[in-house]
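Step one of this worksheet: look at the structure below.
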Amino acid sequence: MAQKHARAVAAHPEVSPYLICSTKRSRQTSQVFQQEFGFEKATTDVQAVLNDREVGAVIVASPDHTHAEFVMEGLEAGKHVLCEKPLALNAAEAAHAARAAEEHGVTLMEGYMYRAHPQISELVRLLRDGAIGEVRVMESSFGGHMHGGYDNYRMQRAAGGGALMDLGCYGLSLSRLV
């Protein structure tokens, strides 16, 4: 997801790809992103990002179990934060982040790309207008290849692994929206 976010930032006419930070602590990873997507600076130092006055917003696209920590660091530094889903691994962490965003007067968004799609806006309009009637049942499925098998962090319980956080959350999110 970090590559997709970097590509989107680099392509946006009103956003400047300024600083890339690899939380893997790999200078090489940061430099590859810097060159490929045109970032001015590259680092492995999260504090350098948070202390940089030129950085107005951060995108958290690290493994799921690190989201809450990086989100809180960004919010407490007064940065707007876009966090790849899931925002946190539990409701308490998510509520804490929401309160921190409000306290610091910054925007916090969870990166569900489908929510910004025009079809979803139209679905919400149709639901509000009662055009399709009462929704009584929803069924969804979402699948994909889990590269690396059980070695993939998404398969590790301590890292928030399992079907719900990484893929199943889309169906759950859509069900809650409807």
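Lettering and numbering for the structure tokens are positional, with chains as A, B, ... in the shown order, residues counted from 1 in each chain, and ligands counted from 1 in the shown order.
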Practice problem: For A:Arg53, work out the shell of residues within 12 Å, counting only C-alpha atoms and skipping chain neighbours fewer than 6 positions away, then give it as number ranges by chain. | Solution: A: 18-19, 47, 77-79
* From a DSSP pass on the backbone, collect the residues of stretch 63-157 of chain A flagged as strand (DSSP E or B) and hand them back as a VMD selection string. => chain A and resid 80 to 84 108 to 111
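Restricting the calculation to only C-alpha atoms, the smallest distance between A:Val137 and any of A:Arg176, A:His65, A:Arg27, A:His96 is found for A:Arg176.
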Taking a cut-off of 12 Å and counting only C-alpha atoms, can you build a table that, for each residue of stretch 15-104 of chain A near stretch 166-170 of chain A, reports the nearest atom pair and how far apart they are in Å (one decimal), sorted by chain then residue number, as a tab-separated table?
```
residue	atom	partner	partner_atom	distance
A:Pro63	CA	A:Asp166	CA	10.0
A:Asp64	CA	A:Asp166	CA	8.0
A:His65	CA	A:Asp166	CA	11.0
A:Glu84	CA	A:Asp166	CA	9.9
A:Lys85	CA	A:Asp166	CA	7.4
A:Pro86	CA	A:Asp166	CA	7.2
A:Leu87	CA	A:Asp166	CA	10.9
A:Ala88	CA	A:Asp166	CA	11.4
A:Leu89	CA	A:Asp166	CA	10.6
```
In Å and to one decimal, atom CA of A:Val60 is distant from atom CA of A:Ala2 by 8.1 Å
query = Can you tell me, as number ranges by chain, what residues are no more than 10 Å from stretch 108-115 of chain A when counting only C-alpha atoms, ignoring any on the same chain fewer than 4 positions away?
reply = A: 5, 57-61, 71, 74-75, 79-88, 97-102, 119-121, 169-170, 173-174, 177
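Between A:Val32 and the candidates A:Ser175, A:Ser16, A:Asn51, A:Gln3, the tightest atom-to-atom separation, counting only C-alpha atoms, involves A:Gln3.
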Q.
Can you tell me, as a PyMOL selection string, which residues in chain A count as helix (DSSP H, G or I) by DSSP?
A. chain A and resi 2-11+27-37+46-51+64-76+91-104+113-116+118-129+149-151+153-155+157-159+163-177
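Nearest to A:Glu36 of all the residues A:Ala91, A:Val49, A:Val15, A:Ala10 is A:Ala10, based on only C-alpha atoms.
Interatomic distance, atom CA of A:Ser62 against atom CA of A:Ala163: 17.5 Å.
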As a check of understanding: the span from atom CA of A:Lys41 to atom CA of A:Gln28 is 12.6 Å
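Ranking A:Leu172, A:Ala11, A:Val55, A:Ala94 by their shortest atom-to-atom distance to A:Met72, with only C-alpha atoms included, puts A:Ala94 first.
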Check: Near A:Val46, counting only C-alpha atoms, which residues have an atom at most 9 Å away, once you skip same-chain residues fewer than 3 positions from it, shown as a PyMOL selection string?
Finding: chain A and resi 21-23+43+49-51+70+73
Could the residues in this selection be written to a file with all heavy atoms, as a PDB file, in the first residue's frame?
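selection-v2.pdb, written as the output of this step:
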```pdb
ATOM      1  N   CYS A  21       9.562   8.154   4.507  1.00  0.00           N
ATOM      2  CA  CYS A  21      10.207   7.533   5.663  1.00  0.00           C
ATOM      3  C   CYS A  21       9.899   6.047   5.652  1.00  0.00           C
ATOM      4  O   CYS A  21       8.738   5.650   5.638  1.00  0.00           O
ATOM      5  CB  CYS A  21       9.677   8.161   6.955  1.00  0.00           C
ATOM      6  SG  CYS A  21      10.366   7.431   8.454  1.00  0.00           S
ATOM      7  N   SER A  22      10.929   5.234   5.660  1.00  0.00           N
ATOM      8  CA  SER A  22      10.742   3.796   5.746  1.00  0.00           C
ATOM      9  C   SER A  22      10.817   3.389   7.207  1.00  0.00           C
ATOM     10  O   SER A  22      11.840   3.560   7.861  1.00  0.00           O
ATOM     11  CB  SER A  22      11.835   3.058   4.969  1.00  0.00           C
ATOM     12  OG  SER A  22      11.733   1.674   5.246  1.00  0.00           O
ATOM     13  N   THR A  23       9.714   2.873   7.726  1.00  0.00           N
ATOM     14  CA  THR A  23       9.703   2.433   9.123  1.00  0.00           C
ATOM     15  C   THR A  23      10.379   1.085   9.293  1.00  0.00           C
ATOM     16  O   THR A  23      10.525   0.614  10.399  1.00  0.00           O
ATOM     17  CB  THR A  23       8.259   2.350   9.657  1.00  0.00           C
ATOM     18  OG1 THR A  23       7.526   1.446   8.833  1.00  0.00           O
ATOM     19  CG2 THR A  23       7.608   3.712   9.660  1.00  0.00           C
ATOM     20  N   THR A  43      14.256   9.258   4.577  1.00  0.00           N
ATOM     21  CA  THR A  43      14.799   9.009   5.906  1.00  0.00           C
ATOM     22  C   THR A  43      14.264   7.698   6.462  1.00  0.00           C
ATOM     23  O   THR A  43      13.337   7.107   5.906  1.00  0.00           O
ATOM     24  CB  THR A  43      14.437  10.169   6.869  1.00  0.00           C
ATOM     25  OG1 THR A  43      15.118   9.983   8.114  1.00  0.00           O
ATOM     26  CG2 THR A  43      12.939  10.253   7.109  1.00  0.00           C
ATOM     27  N   VAL A  49      10.569  13.237  10.509  1.00  0.00           N
ATOM     28  CA  VAL A  49       9.347  13.554   9.768  1.00  0.00           C
ATOM     29  C   VAL A  49       8.439  14.415  10.633  1.00  0.00           C
ATOM     30  O   VAL A  49       7.921  15.454  10.200  1.00  0.00           O
ATOM     31  CB  VAL A  49       8.607  12.267   9.335  1.00  0.00           C
ATOM     32  CG1 VAL A  49       7.272  12.601   8.690  1.00  0.00           C
ATOM     33  CG2 VAL A  49       9.469  11.438   8.410  1.00  0.00           C
ATOM     34  N   LEU A  50       8.233  13.998  11.863  1.00  0.00           N
ATOM     35  CA  LEU A  50       7.312  14.693  12.755  1.00  0.00           C
ATOM     36  C   LEU A  50       7.803  16.086  13.134  1.00  0.00           C
ATOM     37  O   LEU A  50       6.994  16.984  13.375  1.00  0.00           O
ATOM     38  CB  LEU A  50       7.069  13.853  14.008  1.00  0.00           C
ATOM     39  CG  LEU A  50       6.471  12.471  13.744  1.00  0.00           C
ATOM     40  CD1 LEU A  50       6.369  11.682  15.040  1.00  0.00           C
ATOM     41  CD2 LEU A  50       5.122  12.573  13.052  1.00  0.00           C
ATOM     42  N   ASN A  51       9.119  16.275  13.167  1.00  0.00           N
ATOM     43  CA  ASN A  51       9.690  17.577  13.530  1.00  0.00           C
ATOM     44  C   ASN A  51       9.820  18.531  12.345  1.00  0.00           C
ATOM     45  O   ASN A  51      10.061  19.720  12.539  1.00  0.00           O
ATOM     46  CB  ASN A  51      11.066  17.398  14.175  1.00  0.00           C
ATOM     47  CG  ASN A  51      10.989  16.706  15.516  1.00  0.00           C
ATOM     48  OD1 ASN A  51       9.968  16.741  16.197  1.00  0.00           O
ATOM     49  ND2 ASN A  51      12.065  16.054  15.912  1.00  0.00           N
ATOM     50  N   PHE A  70       2.000   4.875  15.158  1.00  0.00           N
ATOM     51  CA  PHE A  70       2.406   5.910  14.210  1.00  0.00           C
ATOM     52  C   PHE A  70       1.329   6.981  14.052  1.00  0.00           C
ATOM     53  O   PHE A  70       1.641   8.160  13.881  1.00  0.00           O
ATOM     54  CB  PHE A  70       2.774   5.310  12.855  1.00  0.00           C
ATOM     55  CG  PHE A  70       4.044   4.509  12.885  1.00  0.00           C
ATOM     56  CD1 PHE A  70       4.091   3.242  12.321  1.00  0.00           C
ATOM     57  CD2 PHE A  70       5.194   4.999  13.473  1.00  0.00           C
ATOM     58  CE1 PHE A  70       5.263   2.493  12.345  1.00  0.00           C
ATOM     59  CE2 PHE A  70       6.377   4.265  13.504  1.00  0.00           C
ATOM     60  CZ  PHE A  70       6.402   3.003  12.938  1.00  0.00           C
ATOM     61  N   GLU A  73       1.623   9.296  17.060  1.00  0.00           N
ATOM     62  CA  GLU A  73       2.805  10.151  16.941  1.00  0.00           C
ATOM     63  C   GLU A  73       2.526  11.296  15.964  1.00  0.00           C
ATOM     64  O   GLU A  73       2.891  12.450  16.235  1.00  0.00           O
ATOM     65  CB  GLU A  73       4.015   9.339  16.481  1.00  0.00           C
ATOM     66  CG  GLU A  73       4.556   8.416  17.549  1.00  0.00           C
ATOM     67  CD  GLU A  73       5.714   7.561  17.066  1.00  0.00           C
ATOM     68  OE1 GLU A  73       6.063   7.585  15.867  1.00  0.00           O
ATOM     69  OE2 GLU A  73       6.284   6.844  17.912  1.00  0.00           O
TER      70      GLU A  73
END
```
